[in-house]
Amino acid sequence: MPDLVSTGVEGLDSILNGGITEHSTVLVSGNPGTGKSILGIQYLYTGVLEDDEQGIYVTFEEDAEDVRMAAESIGFDRWSEFVDDGSITILDKKEMLRDQEFSRAVELLLEVVQEGGYDRLVLDSLTMFELFFEDEHERRVYLLKFSDILKANDLTSLLISEQEAVFPETDLDLENFLTDGNVYLIQTPTDSGVSRYVWVSKMRKQNIDTDIFPMEIGQGGITVHEQAGGFSLVDRPGGTF
């Protein structure tokens, strides 16, 4: 059995039969507002709090203060403490886009990663990261290299990806094949607001539960309920969920 890394979400860890395989790269996809960034924050925060594992949060869209406010809004009150003592390193949009050059942004990220001592990484978002590439071939080559670099530096990583569709895309793109696992966060409108769900569609080297499970976001972050949603969202060979 491979060594597993907790996601920090108890119900999600149960779906994964313990967590994410160590040193793997997992794609977290969903449309805006589904909780992708919160999952990334929770993954790093609980990594420090419960497992004494250091993490890196890379964002092209927010500054460090935005991330802090998001963390504290869901009860992660020690976020600033963990940033100040170096347990969590934030590379925000001010740092990553300072020179307006992709090569410099990547150099900065690699410098921090290769300093060593880090266990976890969150990239928020892969969608913004890909905007730096001028053609499809360059994008494919660099994404493959980037994934290899993360693994070579012993990082267990979440790569956040925006998708426009409410429901998961059934035509899998490049990112799905390059990553070791795919986690989709889904929200559907209701009369009183929205209902939220999580679907783990793939996780290499692991026996997982591929049902769709309800989840909530509140104080303490994301909670996944282990009773399956019980309805069909996407087709799969041999039937539907």
# chains A, B, ... in the order shown; residues from 1 in each chain; ligands from 1

call {"tool": "residues_around", "arguments": {"residues": "range 144-155 of chain A", "least_positions_apart": "2", "cutoff": "7 Å", "atoms": "only C-alpha atoms", "output": "list in words"}}
result
His23, Ser24, Thr25, Gln114, Tyr118, Asp119, Arg120, Leu121, Arg140, Val141, Tyr142, Ser157 and Leu178 of chain A

call {"tool": "write_last_selection", "arguments": {"atoms": "C-alpha atoms", "output": "short mmCIF file (atom, residue, chain, number, x, y, z; two decimals), in the first residue's frame"}}
result
data_model
loop_
_atom_site.label_atom_id
_atom_site.label_comp_id
_atom_site.auth_asym_id
_atom_site.auth_seq_id
_atom_site.Cartn_x
_atom_site.Cartn_y
_atom_site.Cartn_z
CA HIS A 23 4.04 12.67 -4.05
CA SER A 24 1.09 12.56 -6.44
CA THR A 25 -0.41 15.48 -8.38
CA GLN A 114 14.00 23.49 -4.45
CA TYR A 118 8.09 21.41 1.77
CA ASP A 119 5.59 18.57 1.67
CA ARG A 120 2.48 20.06 0.05
CA LEU A 121 1.73 22.50 -2.76
CA ARG A 140 1.76 20.19 -23.17
CA VAL A 141 5.53 20.03 -22.78
CA TYR A 142 5.65 22.47 -19.89
CA SER A 157 0.15 18.74 -4.95
CA LEU A 178 -1.09 14.28 -16.73
#

call {"tool": "select_by_dssp", "arguments": {"residues": "range 114-206 of chain A", "states": "strand (DSSP E or B)", "output": "ChimeraX atom specification"}}
result
/A:120-124,156-162,181-190,193-203

call {"tool": "closest_residue", "arguments": {"among": "A:Leu44, A:Leu49, A:Ile20, A:Ile15", "to": "Asp3 in chain A", "atoms": "only C-alpha atoms"}}
result
A:Ile20

call {"tool": "select_by_dssp", "arguments": {"residues": "range 20-200 of chain A", "states": "helix (DSSP H, G or I)", "output": "VMD selection string"}}
result
chain A and resid 36 to 51 64 to 73 79 to 84 93 to 96 102 to 114 126 to 130 136 to 152 174 to 178

call {"tool": "closest_residue", "arguments": {"among": "A:Glu216, A:Glu115, A:Glu226, A:Glu136", "to": "Gln187 in chain A", "atoms": "only C-alpha atoms"}}
result
A:Glu216
